[in-house]
Structures are given as C-alpha cells and as structure tokens.
$ cat input.csv   # CSV, C-alpha atoms
chain,number,residue,atom,x,y,z
W,378,MET,CA,-30.2,21.1,12.1
W,379,ALA,CA,-29.7,18.5,9.4
W,380,ARG,CA,-27.5,15.7,10.5
W,381,PRO,CA,-26.0,13.1,8.2
W,382,ILE,CA,-26.8,9.5,9.0
W,383,GLY,CA,-23.7,7.4,9.3
W,384,THR,CA,-20.3,8.7,8.6
W,385,TYR,CA,-19.0,10.4,5.5
W,386,SER,CA,-15.6,11.4,4.1
W,387,LYS,CA,-14.2,13.5,1.3
W,388,PRO,CA,-13.7,11.8,-2.1
W,389,GLY,CA,-10.2,10.6,-2.8
W,390,SER,CA,-9.1,11.5,0.7
W,391,SER,CA,-7.2,8.2,1.0
W,392,LYS,CA,-4.3,10.0,-0.6
W,393,ALA,CA,-3.4,11.2,2.9
W,394,ASN,CA,-2.2,7.6,3.6
W,395,LYS,CA,1.1,7.1,1.9
W,396,THR,CA,1.4,3.4,1.3
W,397,GLY,CA,4.9,3.6,-0.1
W,398,SER,CA,6.3,2.6,3.2
W,399,TRP,CA,5.0,-1.0,2.7
W,400,ARG,CA,7.5,-1.6,-0.1
W,401,THR,CA,10.4,-4.1,0.2
W,402,GLU,CA,11.3,-4.0,-3.5
W,403,LYS,CA,10.9,-1.0,-5.8
W,404,PRO,CA,10.3,-0.8,-9.5
W,405,VAL,CA,12.8,1.2,-11.5
W,406,PHE,CA,11.7,2.4,-14.9
W,407,LEU,CA,14.7,2.3,-17.2
W,408,HIS,CA,13.2,4.5,-20.0
W,409,ASP,CA,15.3,2.5,-22.5
W,410,LYS,CA,13.2,0.2,-24.6
W,411,CYS,CA,9.7,1.6,-23.7
W,412,THR,CA,7.3,1.2,-26.6
W,413,ASP,CA,4.5,3.4,-25.1
W,414,CYS,CA,2.1,0.4,-24.8
W,415,ARG,CA,0.9,1.6,-21.3
W,416,ILE,CA,0.4,-1.9,-20.0
W,417,CYS,CA,2.1,-0.9,-16.8
W,418,VAL,CA,-0.3,2.0,-16.4
W,419,ILE,CA,-3.3,-0.3,-16.8
W,420,VAL,CA,-2.2,-3.2,-14.6
W,421,CYS,CA,-1.0,-1.2,-11.6
W,422,PRO,CA,-3.5,-2.1,-8.8
W,423,ASP,CA,-3.0,1.4,-7.2
W,424,GLY,CA,-3.1,3.4,-10.4
W,425,ILE,CA,0.0,5.4,-9.6
W,426,ILE,CA,2.1,5.1,-12.8
W,427,PHE,CA,2.0,8.5,-14.6
W,428,GLY,CA,3.7,10.0,-17.6
W,429,ALA,CA,3.6,10.4,-21.4
W,430,ASP,CA,5.8,9.8,-24.4
W,431,LYS,CA,7.7,6.7,-23.3
W,432,ILE,CA,8.7,8.3,-20.0
W,433,TYR,CA,6.6,6.7,-17.3
W,434,ASP,CA,7.3,6.6,-13.6
W,435,PRO,CA,5.5,5.4,-10.5
W,436,ASP,CA,4.6,7.6,-7.6
W,437,TYR,CA,6.9,6.2,-5.0
W,438,ASP,CA,4.8,7.8,-2.2
W,439,TYR,CA,2.1,5.2,-2.9
W,440,CYS,CA,3.9,2.3,-4.8
W,441,LYS,CA,3.5,-0.9,-2.7
W,442,GLY,CA,6.2,-2.7,-4.7
W,443,CYS,CA,4.0,-5.6,-5.9
W,444,GLY,CA,6.0,-6.0,-9.0
W,445,ILE,CA,3.2,-6.6,-11.5
W,446,CYS,CA,4.5,-3.8,-13.8
W,447,ALA,CA,7.9,-5.4,-14.0
W,448,LYS,CA,6.4,-8.8,-14.6
W,449,GLU,CA,4.0,-7.7,-17.3
W,450,CYS,CA,6.3,-5.2,-19.2
W,451,PRO,CA,6.6,-6.9,-22.6
W,452,VAL,CA,10.1,-5.4,-23.3
W,453,ASP,CA,11.5,-5.8,-19.7
W,454,ASP,CA,12.1,-2.1,-19.3
W,455,ILE,CA,11.2,-2.2,-15.6
W,456,LYS,CA,13.5,-3.7,-13.0
W,457,MET,CA,12.7,-4.5,-9.4
W,458,VAL,CA,15.5,-3.6,-7.0
W,459,PRO,CA,15.6,-4.1,-3.2
W,460,GLU,CA,14.4,-1.0,-1.3
W,461,VAL,CA,17.2,0.6,0.7
W,462,ARG,CA,16.3,3.2,3.4
P,298,MET,CA,8.4,11.6,-10.7
P,299,ARG,CA,5.6,13.0,-12.8
P,300,ASN,CA,2.2,13.3,-11.5
P,301,LEU,CA,-1.1,14.7,-12.7
P,302,GLU,CA,-0.3,18.4,-11.9
P,303,THR,CA,3.1,18.6,-13.5
P,304,SER,CA,2.1,16.7,-16.6
P,305,THR,CA,-1.0,18.9,-17.3
P,306,GLU,CA,1.0,22.1,-16.7
P,307,LYS,CA,3.5,21.1,-19.4
P,308,ALA,CA,0.6,20.8,-21.9
P,309,PRO,CA,1.5,23.6,-24.4
P,310,LYS,CA,3.7,21.2,-26.4
P,311,PRO,CA,2.2,20.1,-29.7
P,312,LYS,CA,-0.4,17.4,-29.0
P,313,LYS,CA,0.8,13.8,-29.3
P,314,GLU,CA,-1.5,10.9,-30.1
P,315,LYS,CA,-1.7,9.8,-26.5
P,316,GLU,CA,-2.8,12.1,-23.6
P,317,PRO,CA,-0.7,12.1,-20.5
P,318,VAL,CA,-1.9,9.6,-17.9
P,319,VAL,CA,-4.3,11.2,-15.4
P,320,GLU,CA,-5.4,10.1,-12.0
P,321,TRP,CA,-7.7,7.1,-11.8
P,322,LEU,CA,-11.1,7.3,-10.2
P,323,LEU,CA,-10.1,4.9,-7.5
P,324,ALA,CA,-7.5,7.0,-5.6
P,325,ALA,CA,-4.2,5.7,-4.4
P,326,GLY,CA,-3.5,5.3,-0.7
P,327,HIS,CA,-6.1,2.6,-0.1
P,328,ARG,CA,-5.1,-0.4,2.1
P,329,ALA,CA,-5.3,-3.2,-0.4
P,330,CYS,CA,-2.5,-5.8,-0.2
P,331,SER,CA,0.2,-5.3,-2.8
P,332,GLY,CA,-0.7,-7.1,-5.9
P,333,CYS,CA,-4.5,-7.0,-5.1
P,334,GLY,CA,-6.6,-8.2,-8.0
P,335,GLU,CA,-9.8,-6.7,-6.6
P,336,ALA,CA,-8.3,-3.2,-6.3
P,337,LEU,CA,-7.1,-3.5,-9.9
P,338,GLY,CA,-10.6,-4.7,-11.0
P,339,ALA,CA,-12.4,-1.9,-9.1
P,340,LYS,CA,-9.9,0.7,-10.6
P,341,LEU,CA,-10.7,-0.5,-14.2
P,342,VAL,CA,-14.5,-0.8,-13.6
P,343,MET,CA,-14.7,2.7,-12.2
P,344,ASP,CA,-12.7,4.3,-15.0
P,345,ALA,CA,-14.7,2.5,-17.6
P,346,ALA,CA,-17.9,3.8,-15.9
P,347,GLY,CA,-16.7,7.4,-15.6
P,348,PRO,CA,-17.2,10.0,-12.9
P,349,ASN,CA,-21.0,10.3,-13.4
P,350,THR,CA,-21.6,7.1,-11.4
P,351,TYR,CA,-23.3,6.2,-8.2
P,352,VAL,CA,-21.8,3.3,-6.4
P,353,ALA,CA,-23.2,1.0,-3.7
P,354,THR,CA,-20.7,-1.5,-2.3
P,355,ALA,CA,-21.3,-4.6,-0.1
P,356,THR,CA,-19.2,-5.3,3.0
P,357,GLY,CA,-16.0,-7.0,2.1
P,358,CYS,CA,-12.3,-6.4,1.3
P,359,LEU,CA,-13.3,-3.8,-1.3
P,360,GLU,CA,-15.3,-1.8,1.2
P,361,VAL,CA,-12.8,-2.2,4.1
P,362,PHE,CA,-9.6,-1.3,2.2
P,363,SER,CA,-11.0,1.6,0.3
P,364,THR,CA,-12.7,3.5,3.1
P,365,PRO,CA,-10.9,3.4,6.5
P,366,TYR,CA,-12.6,6.3,8.3
P,367,PRO,CA,-12.1,9.2,7.8
P,368,GLU,CA,-10.7,8.5,4.4
P,369,SER,CA,-12.2,7.4,1.1
P,370,ALA,CA,-10.5,6.2,-2.0
P,371,TRP,CA,-13.6,6.8,-4.2
P,372,ARG,CA,-13.9,9.9,-6.3
P,373,MET,CA,-17.6,9.5,-7.0
P,374,PRO,CA,-20.7,9.2,-4.9
P,375,TRP,CA,-20.2,6.0,-3.0
P,376,ILE,CA,-22.2,4.3,-0.2
P,377,HIS,CA,-21.9,1.2,2.0
P,378,SER,CA,-24.7,0.0,4.1
P,379,LEU,CA,-24.6,-3.8,4.9
P,380,PHE,CA,-23.2,-7.0,3.7
P,381,GLU,CA,-26.3,-8.3,1.9
P,382,ASN,CA,-28.0,-5.2,0.5
P,383,SER,CA,-25.7,-3.4,-2.0
P,384,ALA,CA,-28.2,-4.4,-4.8
P,385,ALA,CA,-31.2,-3.2,-2.7
P,386,VAL,CA,-29.4,0.1,-1.8
P,387,ALA,CA,-28.6,0.7,-5.5
P,388,SER,CA,-32.3,0.0,-6.3
P,389,GLY,CA,-33.3,2.7,-3.9
P,390,ILE,CA,-30.8,5.1,-5.4
P,391,GLU,CA,-32.2,4.4,-8.9
P,392,ALA,CA,-35.8,4.9,-7.7
P,393,SER,CA,-34.9,8.1,-6.0
P,394,LEU,CA,-33.1,9.5,-9.0
P,395,ILE,CA,-36.1,8.7,-11.2
P,396,ALA,CA,-38.5,10.4,-8.8
P,397,GLN,CA,-36.3,13.5,-8.8
P,398,GLY,CA,-35.9,13.4,-12.6
P,399,ARG,CA,-32.1,13.1,-12.3
P,400,ASP,CA,-31.7,9.8,-13.9
P,401,LYS,CA,-30.4,11.0,-17.3
P,402,ASP,CA,-26.7,10.3,-18.2
P,403,VAL,CA,-26.1,8.7,-14.8
P,404,ASN,CA,-24.7,5.2,-14.2
P,405,ILE,CA,-25.5,3.2,-11.1
P,406,ILE,CA,-23.3,0.4,-10.1
P,407,ALA,CA,-23.8,-2.0,-7.3
P,408,GLN,CA,-20.9,-4.2,-6.4
P,409,GLY,CA,-19.7,-6.8,-4.0
P,410,GLY,CA,-17.2,-9.6,-3.5
P,411,ASP,CA,-18.1,-13.2,-4.2
P,412,GLY,CA,-19.4,-13.8,-0.7
P,413,GLY,CA,-21.6,-10.6,-0.7
P,414,THR,CA,-23.0,-11.7,-4.1
P,415,ALA,CA,-23.3,-15.4,-4.2
P,416,ASP,CA,-24.1,-16.3,-0.6
P,417,ILE,CA,-25.2,-13.4,1.6
P,418,GLY,CA,-26.5,-10.9,-1.0
P,419,ILE,CA,-28.1,-13.3,-3.5
P,420,GLY,CA,-31.6,-12.4,-2.2
P,421,CYS,CA,-31.2,-8.7,-2.8
P,422,LEU,CA,-29.4,-9.3,-6.1
P,423,SER,CA,-32.2,-11.6,-7.3
P,424,GLY,CA,-34.7,-8.9,-6.3
P,425,MET,CA,-32.8,-6.2,-8.2
P,426,LEU,CA,-32.6,-8.3,-11.3
P,427,GLU,CA,-36.3,-9.3,-11.1
P,428,ARG,CA,-37.6,-5.8,-10.7
P,429,GLY,CA,-35.7,-4.6,-13.7
P,430,HIS,CA,-33.7,-1.7,-12.3
P,431,ASN,CA,-31.3,0.1,-14.6
P,432,ILE,CA,-28.3,-1.0,-12.6
P,433,LEU,CA,-25.0,-2.7,-13.3
P,434,TYR,CA,-24.1,-5.3,-10.7
P,435,VAL,CA,-20.3,-6.1,-10.6
P,436,CYS,CA,-19.2,-9.2,-8.6
P,437,TYR,CA,-15.5,-9.3,-7.8
P,438,ASP,CA,-14.9,-13.0,-7.6
P,439,ASN,CA,-11.8,-13.8,-5.5
P,440,GLU,CA,-13.2,-17.2,-4.6
P,441,ALA,CA,-13.5,-16.9,-0.8
P,442,TYR,CA,-14.2,-14.5,2.1
P,443,MET,CA,-10.7,-13.0,2.0
P,444,ASN,CA,-11.4,-10.0,4.3
P,445,THR,CA,-12.2,-12.2,7.4
P,446,GLY,CA,-9.4,-14.7,6.8
P,447,VAL,CA,-10.1,-16.9,3.7
P,448,GLN,CA,-13.3,-18.8,4.5
P,449,ARG,CA,-14.9,-20.7,1.7
P,450,SER,CA,-17.8,-19.2,-0.2
P,451,GLY,CA,-20.2,-20.4,-2.8
P,452,LEU,CA,-17.8,-19.4,-5.5
P,453,THR,CA,-14.7,-21.2,-4.1
P,454,PRO,CA,-13.5,-23.8,-6.7
P,455,PHE,CA,-13.4,-27.5,-6.1
P,456,ASP,CA,-10.5,-28.8,-3.9
P,457,ALA,CA,-9.3,-25.3,-2.9
P,458,ARG,CA,-7.9,-25.1,0.6
P,459,THR,CA,-9.5,-22.4,2.8
P,460,SER,CA,-9.6,-21.9,6.5
P,461,THR,CA,-13.0,-23.6,6.7
P,462,SER,CA,-12.2,-26.3,4.1
P,463,PRO,CA,-8.7,-27.3,5.2
P,464,SER,CA,-6.8,-30.0,3.4
P,465,GLY,CA,-5.5,-32.9,5.3
P,466,LYS,CA,-5.8,-36.7,5.8
P,467,LEU,CA,-9.6,-36.6,5.6
P,468,SER,CA,-10.1,-33.8,3.2
P,469,TRP,CA,-8.9,-32.5,-0.2
P,470,GLY,CA,-10.2,-29.0,0.5
P,471,ASN,CA,-13.5,-27.5,-0.7
P,472,LYS,CA,-15.9,-30.4,-1.5
P,473,THR,CA,-18.3,-28.4,-3.7
P,474,ASN,CA,-17.9,-27.0,-7.2
P,475,LYS,CA,-18.1,-23.3,-8.0
P,476,LYS,CA,-21.7,-22.0,-8.2
P,477,ASP,CA,-22.7,-21.0,-11.7
P,478,LEU,CA,-23.8,-17.4,-10.7
P,479,PRO,CA,-23.8,-15.9,-14.2
P,480,ALA,CA,-26.3,-18.6,-15.2
P,481,ILE,CA,-28.4,-17.8,-12.1
P,482,ALA,CA,-28.4,-14.1,-13.2
P,483,ALA,CA,-29.2,-15.0,-16.8
P,484,ALA,CA,-32.2,-17.0,-15.5
P,485,HIS,CA,-33.8,-13.7,-14.5
P,486,HIS,CA,-34.1,-12.9,-18.3
P,487,ILE,CA,-31.9,-9.8,-18.0
P,488,PRO,CA,-30.5,-8.2,-21.1
P,489,TYR,CA,-26.8,-8.6,-20.3
P,490,VAL,CA,-24.6,-11.0,-18.4
P,491,ALA,CA,-20.8,-11.3,-18.8
P,492,THR,CA,-17.8,-12.8,-17.1
P,493,ALA,CA,-14.4,-11.0,-17.3
P,494,THR,CA,-11.0,-11.2,-15.6
P,495,VAL,CA,-8.3,-8.7,-14.6
P,496,GLY,CA,-6.0,-10.8,-16.7
P,497,TYR,CA,-7.5,-9.1,-19.8
P,498,PRO,CA,-8.1,-5.5,-18.6
P,499,ASN,CA,-9.2,-4.0,-21.9
P,500,ASP,CA,-11.8,-6.7,-22.3
P,501,LEU,CA,-13.1,-6.0,-18.8
P,502,MET,CA,-13.4,-2.2,-19.5
P,503,ALA,CA,-15.1,-2.8,-22.8
P,504,LYS,CA,-17.6,-5.1,-21.2
P,505,VAL,CA,-18.4,-2.5,-18.5
P,506,LYS,CA,-18.9,0.2,-21.1
P,507,LYS,CA,-21.1,-2.0,-23.2
P,508,ALA,CA,-23.2,-3.0,-20.1
P,509,LEU,CA,-23.7,0.6,-19.1
P,510,SER,CA,-25.0,1.4,-22.6
P,511,ILE,CA,-27.8,-1.1,-22.2
P,512,ARG,CA,-30.9,-0.3,-20.3
P,513,GLY,CA,-32.1,-2.7,-17.5
P,514,PRO,CA,-30.3,-4.9,-15.0
P,515,LYS,CA,-26.9,-6.1,-16.0
P,516,TYR,CA,-24.5,-8.5,-14.3
P,517,ILE,CA,-20.7,-8.8,-14.7
P,518,GLN,CA,-18.6,-11.3,-12.8
P,519,VAL,CA,-14.9,-10.3,-12.6
P,520,HIS,CA,-12.4,-13.0,-11.7
P,521,VAL,CA,-9.8,-11.3,-9.4
P,522,PRO,CA,-6.8,-13.2,-8.0
P,523,CYS,CA,-6.0,-12.7,-4.3
P,524,PRO,CA,-2.3,-13.1,-3.5
P,525,LEU,CA,-3.1,-13.5,0.2
P,526,GLY,CA,-5.8,-16.2,-0.1
P,527,TRP,CA,-4.6,-18.0,-3.1
P,528,ILE,CA,-1.0,-17.9,-1.8
P,529,HIS,CA,0.9,-16.8,-4.9
P,530,PRO,CA,3.6,-14.0,-5.2
P,531,SER,CA,2.2,-10.5,-5.5
P,532,ASP,CA,3.6,-10.0,-9.0
P,533,MET,CA,1.8,-13.1,-10.4
P,534,THR,CA,-1.7,-11.6,-10.2
P,535,ILE,CA,-2.2,-11.0,-13.9
P,536,GLU,CA,-0.4,-14.2,-14.9
P,537,VAL,CA,-2.6,-16.3,-12.6
P,538,ALA,CA,-5.7,-14.6,-13.9
P,539,LYS,CA,-4.7,-15.4,-17.5
P,540,LEU,CA,-3.8,-19.0,-16.6
P,541,ALA,CA,-7.3,-19.5,-15.2
P,542,VAL,CA,-8.7,-18.6,-18.6
P,543,LEU,CA,-6.2,-20.5,-20.6
P,544,THR,CA,-6.8,-23.7,-18.7
P,545,GLY,CA,-10.5,-23.5,-19.3
P,546,LEU,CA,-11.4,-23.3,-15.6
P,547,ILE,CA,-12.8,-19.8,-15.9
P,548,PRO,CA,-14.7,-19.3,-19.2
P,549,ILE,CA,-15.0,-15.7,-20.4
P,550,TYR,CA,-18.2,-15.0,-22.3
P,551,GLU,CA,-21.0,-12.6,-22.9
P,552,MET,CA,-24.7,-13.5,-22.7
P,553,GLU,CA,-27.3,-11.2,-24.2
P,554,ASN,CA,-31.0,-12.0,-23.4
P,555,GLY,CA,-30.0,-15.4,-22.2
P,556,VAL,CA,-28.0,-16.5,-25.2
P,557,VAL,CA,-24.2,-16.8,-25.3
P,558,THR,CA,-23.1,-14.3,-28.0
P,559,LYS,CA,-19.4,-14.0,-27.5
P,560,VAL,CA,-16.7,-16.3,-26.1
P,561,ARG,CA,-13.0,-15.7,-25.5
P,562,LYS,CA,-11.5,-18.7,-27.4
P,563,ILE,CA,-8.5,-20.4,-26.0
P,564,GLY,CA,-7.6,-22.3,-29.2
P,565,LYS,CA,-4.0,-23.5,-29.4
P,566,ASN,CA,-3.0,-21.6,-26.3
P,567,ARG,CA,-4.8,-24.1,-24.1
P,568,ARG,CA,-2.7,-25.1,-21.0
P,569,PRO,CA,-3.2,-28.2,-18.8
P,570,ALA,CA,-5.1,-27.5,-15.6
P,571,GLU,CA,-2.0,-28.3,-13.4
P,572,GLU,CA,-0.2,-25.2,-14.6
P,573,TYR,CA,-2.9,-23.0,-13.0
P,574,LEU,CA,-3.0,-25.1,-9.8
P,575,LYS,CA,0.7,-25.4,-9.3
P,576,VAL,CA,1.4,-21.7,-8.9
P,577,GLN,CA,-1.1,-21.4,-6.1
P,578,GLY,CA,-0.5,-22.4,-2.5
P,579,ARG,CA,-4.2,-23.2,-2.0
P,580,PHE,CA,-3.8,-26.2,-4.3
P,581,ARG,CA,-0.4,-27.3,-3.0
P,582,HIS,CA,-1.8,-30.4,-1.3
P,583,LEU,CA,-2.7,-31.8,-4.7
P,584,PHE,CA,1.0,-32.0,-5.6
P,585,ALA,CA,2.4,-33.1,-2.2
P,586,LYS,CA,4.8,-36.0,-2.2
P,587,GLY,CA,3.3,-39.4,-1.7
P,588,ALA,CA,-0.3,-38.0,-1.8
P,589,ASP,CA,-2.6,-40.0,-4.0
P,590,ALA,CA,-3.9,-36.9,-5.7
P,591,GLU,CA,-4.2,-38.1,-9.3
P,592,GLU,CA,-7.9,-38.9,-8.9
P,593,GLU,CA,-8.6,-35.3,-7.6
P,594,LEU,CA,-6.5,-33.7,-10.4
P,595,GLU,CA,-8.6,-35.7,-12.9
P,596,LYS,CA,-11.8,-34.3,-11.4
P,597,ILE,CA,-10.4,-30.8,-11.9
P,598,ARG,CA,-9.4,-31.6,-15.5
P,599,GLN,CA,-13.0,-32.8,-16.1
P,600,ILE,CA,-14.3,-29.4,-14.8
P,601,ALA,CA,-12.1,-27.6,-17.3
P,602,GLU,CA,-13.1,-30.1,-20.1
P,603,ALA,CA,-16.8,-29.5,-19.3
P,604,ASN,CA,-16.4,-25.7,-19.6
P,605,ILE,CA,-14.5,-26.0,-22.8
P,606,LYS,CA,-17.3,-28.3,-24.3
P,607,ARG,CA,-20.1,-26.1,-22.9
P,608,PHE,CA,-18.8,-22.8,-24.4
P,609,GLY,CA,-16.8,-24.2,-27.3
P,610,LEU,CA,-13.6,-22.6,-26.1
P,611,VAL,CA,-11.2,-24.5,-28.3
$ encode --input "input.csv" --output "structure tokens"
Amino acid sequence: MARPIGTYSKPGSSKANKTGSWRTEKPVFLHDKCTDCRICVIVCPDGIIFGADKIYDPDYDYCKGCGICAKECPVDDIKMVPEVR
Amino acid sequence: MRNLETSTEKAPKPKKEKEPVVEWLLAAGHRACSGCGEALGAKLVMDAAGPNTYVATATGCLEVFSTPYPESAWRMPWIHSLFENSAAVASGIEASLIAQGRDKDVNIIAQGGDGGTADIGIGCLSGMLERGHNILYVCYDNEAYMNTGVQRSGLTPFDARTSTSPSGKLSWGNKTNKKDLPAIAAAHHIPYVATATVGYPNDLMAKVKKALSIRGPKYIQVHVPCPLGWIHPSDMTIEVAKLAVLTGLIPIYEMENGVVTKVRKIGKNRRPAEEYLKVQGRFRHLFAKGADAEEELEKIRQIAEANIKRFGLV
C-alpha cells in the first residue's frame, strides 16, 4: 500500500478556522463615496473583501480587524467601529 | 455580505467592466497576525503566479501560519521540508517535472522569509541560482526571525532593536547593516533580480508576472512590514512599507542580467529617515529623552543617502 511521506491536507482547508473572533474593531463599509478603485480588495492581508460595482463588503467570519482597508481607502468610505458582542 | 458563490450566481446581468472579486489563491482562515505584511505579500505573489504553480516554502512565519495541521491555506501544490532547503526542494520539483515531460506552462516558486533566505538557506539558494533552474525565488523580508520571537537576521537593518540585539546603555540595537542580498543573487549572473514592497502591490504583482515570463532562475525580495516585530499599529502596514521606500532606506529596482534597468524614483516625495523610524517601536530608543542618539540617526541618514546615490532615486 502506498503511504504518503509526511503529512498532507486539502487545499484551502484553512477556511474551517474562522478568524473573525480575533477582532476588536470592525470595518464598516459605508457604500457612499466608493469609486470602485478596489484598493481595499488588494491590500486586505486575508483577501476577504468581496463584491462588485461599488458595493464591497468584508467577510466578517474571517476579518481580523486590522484596519488597513479603512486606513488606505482614498475617499474614507470605510469606518472602524468597536466590535460589540 | 457577498462572497464568491453569491456573486457568481448573480452573473446574468449585463457585464460591467470589472468582474466581481473572486477568492484569492491564499485562502482565508490562516493564523497570520492582523495586519501581517507577509500574508499580504504571499497573497499577491500567489495570485500573480496563478493556480498552475508549484510552491516550496521554507520554515518560518509563512509556513507556520498557513499550514497548522490538518489545515492548509494554499490552493495550489505546496510543500514544506526544512528551514534551509526550499530552493533545493524546488530544484528537485523542476528536475522531476522535466523528466516527466510536464514542465510546460507550469510555474515553480520557492519562497522563504529573510532568515530562511539570507542566513540559513543561502547555500541552497546559491546552488539553485548557480545550476540555472527555471524557478522564481521569493524572499519575504520582514527583517528578523519573527516566528520565534524577533531575533536578528542578516537582513535586520542597522540599529533596530530585536530580542538578540537589544537596545540599552551599551548598545543601540543591531550593530550590522542590512545584507545586500539582491546583489548577491545578481552576482550569480541570473537573468532577473528585483526588489518590491507590499506598499506598492501592483508593482509587486507586475514584477512576479514579468519574472515568471523569463526562463532561468529569478530572485525577488519583497519588503513586508511586521506589526508584531516592528511594533507599529496593525493598520499602518502599507504606510510603513511606503515610508521605507520614500525615505530611501529600501530602494525598489529591477536588475536584468546584472544591470539595473528600472528604479522607482522618489523625487520630490522624499521624506527624512526619521519619519520612517519614528512610527516603529523597534527604533524608539533613537528618540528617547536624554539619549545621545543624533550620531546614530546621522548614520541611518547616511545609509539612505548612499542608496539614493547608488540607484539615482531622486
């Protein structure tokens, strides 16, 4: 019987781990002044901002609340608010 | 919330210029700190390379946060063996694919942190560059061994405080200057060497695409801020990366066949070195009250000045 050397796991299986619980502040996308530049999509270290046509939203299951999107948004359309649970 | 599934289901609308955002090749759910520059760098490099890519990764933050058993954040064939041998493992993958006749339209990337590249893995990296494998080596330079608790590496900048180069009465932090690894790679007469930063993500992705279109060994060094080790707020990652470039401390350039062909000019946007140092806790001792740090600051200014002169950044 062929046995794999070492360990292996399924591609992309880290999605089972929801990192959203790490958050202390959460980004709120206001959908007001968005110019569709997609800087937030590119600079998110977790790659969890999705959408199209000036309506973008983070996947709060995985958002760690680092605040890079809010800081880098050129038109200040993203606001960081304290996380309340 | 919109995710991949819902946005593709609603596709029948007339097509707009921009496609909906799809999932990135580095999946979410990995354990990188919030604001991690290395995770951002890896995400951009992987998407620029595309799904037809084999990846070998050295030990380090990148390996540890992306693959806690039994999970993996990678959506492409990915392997980790040891700290020092990601370049050697990638060489083996390339040789095997050629022997099987499967090396067409396939990219091979070897990657590691600055420790796994500049200190521990430099032997294997040198061998890979020397033998002329068709591999892109990506070094994520966060300027210390962050995974094990911020110990200094060969790429730690001058006067940075780390746990093995602490600042205090007898020391100003790291005594040595940053190793010029791109020059070491270029000295192997390889076709393409580049430096990039997550502060300019489009530039980074363009460089990865360009490198993968060239045959032979390639080397890209990506400057990635680390909020934990550099001690800055997590939302400052991009800003700190940009400041490093604008102060002249991290020159961004491309080298083809040993000649510098393209440089990111700073021009009028040049900032004084202090602006980059002040936002980071690892340089805080240079600004402490009563400390006689002016001499040390001048040395750092000289490093920036030398970079600017060498690459003609202004």
$ interface_residues --input "input.csv" --of "chain W" --to "chain P" --cutoff "7 Å" --atoms "only C-alpha atoms" --output "PyMOL selection string"
chain W and resi 386-396+420-425+427-429+434-436+439+441-445+448
$ axis_aligned_box --input "input.csv" --around "range 401-408 of chain W" --padding-each-side "4 Å" --output "JSON"
{"center_x": 12.5, "center_y": 0.2, "center_z": -9.9, "size_x": 12.4, "size_y": 16.6, "size_z": 28.2}
$ atom_distance --input "input.csv" --atom1 "CA of Asp411 in chain P" --atom2 "CA of Thr384 in chain W"
25.5 Å
$ atom_distance --input "input.csv" --atom1 "CA of Glu571 in chain P" --atom2 "CA of Pro451 in chain W"
24.8 Å
$ residues_around --input "input.csv" --residues "Arg568 in chain P" --least-positions-apart "5" --cutoff "10 Å" --atoms "only C-alpha atoms" --output "list in words"
Leu540, Ala541, Val542, Leu543, Thr544, Gly545, Ile563 and Tyr573 of chain P
$ atom_distance --input "input.csv" --atom1 "CA of Leu394 in chain P" --atom2 "CA of Val435 in chain P"
20.2 Å
$ residues_near_point --input "input.csv" --point "(-23.8, -10.9, -26.2)" --cutoff "9 Å" --atoms "only C-alpha atoms" --output "list of chain:residue names"
P:Pro488, P:Tyr489, P:Val490, P:Ala491, P:Tyr550, P:Glu551, P:Met552, P:Glu553, P:Asn554, P:Gly555, P:Val556, P:Val557, P:Thr558, P:Lys559, P:Val560
$ closest_residue --input "input.csv" --among "P:Ile417, P:Ala482, P:Ala353, P:Leu509" --to "Val403 in chain P" --atoms "only C-alpha atoms"
P:Leu509
$ residues_around --input "input.csv" --residues "Lys410 in chain W" --least-positions-apart "5" --cutoff "12 Å" --atoms "all atoms listed in the file" --output "PyMOL selection string"
chain W and resi 431-433+450-455
$ residues_around --input "input.csv" --residues "range 476-481 of chain P" --least-positions-apart "2" --cutoff "10 Å" --atoms "all atoms listed in the file" --output "PDB file with C-alpha atoms, in the frame of the given file"
ATOM      1  CA  ASP P 411     -18.100 -13.200  -4.200  1.00  0.00           C
ATOM      2  CA  THR P 414     -23.000 -11.700  -4.100  1.00  0.00           C
ATOM      3  CA  ALA P 415     -23.300 -15.400  -4.200  1.00  0.00           C
ATOM      4  CA  ASP P 416     -24.100 -16.300  -0.600  1.00  0.00           C
ATOM      5  CA  ILE P 419     -28.100 -13.300  -3.500  1.00  0.00           C
ATOM      6  CA  SER P 423     -32.200 -11.600  -7.300  1.00  0.00           C
ATOM      7  CA  CYS P 436     -19.200  -9.200  -8.600  1.00  0.00           C
ATOM      8  CA  SER P 450     -17.800 -19.200  -0.200  1.00  0.00           C
ATOM      9  CA  GLY P 451     -20.200 -20.400  -2.800  1.00  0.00           C
ATOM     10  CA  LEU P 452     -17.800 -19.400  -5.500  1.00  0.00           C
ATOM     11  CA  THR P 453     -14.700 -21.200  -4.100  1.00  0.00           C
ATOM     12  CA  PRO P 454     -13.500 -23.800  -6.700  1.00  0.00           C
ATOM     13  CA  THR P 473     -18.300 -28.400  -3.700  1.00  0.00           C
ATOM     14  CA  ASN P 474     -17.900 -27.000  -7.200  1.00  0.00           C
ATOM     15  CA  ALA P 483     -29.200 -15.000 -16.800  1.00  0.00           C
ATOM     16  CA  ALA P 484     -32.200 -17.000 -15.500  1.00  0.00           C
ATOM     17  CA  HIS P 485     -33.800 -13.700 -14.500  1.00  0.00           C
ATOM     18  CA  HIS P 486     -34.100 -12.900 -18.300  1.00  0.00           C
ATOM     19  CA  TYR P 489     -26.800  -8.600 -20.300  1.00  0.00           C
ATOM     20  CA  VAL P 490     -24.600 -11.000 -18.400  1.00  0.00           C
ATOM     21  CA  ALA P 491     -20.800 -11.300 -18.800  1.00  0.00           C
ATOM     22  CA  THR P 492     -17.800 -12.800 -17.100  1.00  0.00           C
ATOM     23  CA  TYR P 516     -24.500  -8.500 -14.300  1.00  0.00           C
ATOM     24  CA  ILE P 517     -20.700  -8.800 -14.700  1.00  0.00           C
ATOM     25  CA  GLN P 518     -18.600 -11.300 -12.800  1.00  0.00           C
ATOM     26  CA  TYR P 550     -18.200 -15.000 -22.300  1.00  0.00           C
ATOM     27  CA  GLU P 551     -21.000 -12.600 -22.900  1.00  0.00           C
ATOM     28  CA  MET P 552     -24.700 -13.500 -22.700  1.00  0.00           C
ATOM     29  CA  GLY P 555     -30.000 -15.400 -22.200  1.00  0.00           C
TER      30      GLY P 555
END
$ decode --input "input.csv" --residues "range 429-447 of chain W" --atoms "C-alpha atoms" --output "compact mmCIF listing (two decimals), in the first residue's frame"
# COMPACT_ATOMS: atom_id res chain seq x y z
CA ALA W 429 -18.62 44.42 -7.40
CA ASP W 430 -19.98 47.71 -8.72
CA LYS W 431 -19.05 49.95 -5.78
CA ILE W 432 -20.65 47.57 -3.25
CA TYR W 433 -17.84 45.83 -1.38
CA ASP W 434 -18.05 44.11 1.98
CA PRO W 435 -15.66 42.08 4.12
CA ASP W 436 -16.42 38.52 5.12
CA TYR W 437 -16.84 39.05 8.88
CA ASP W 438 -16.28 35.33 9.51
CA TYR W 439 -12.59 35.89 8.72
CA CYS W 440 -11.94 39.64 9.13
CA LYS W 441 -9.27 40.14 11.81
CA GLY W 442 -10.00 43.86 12.10
CA CYS W 443 -6.50 45.09 11.27
CA GLY W 444 -7.88 48.33 9.82
CA ILE W 445 -5.65 48.51 6.72
CA CYS W 446 -8.70 48.88 4.42
CA ALA W 447 -10.03 51.84 6.42
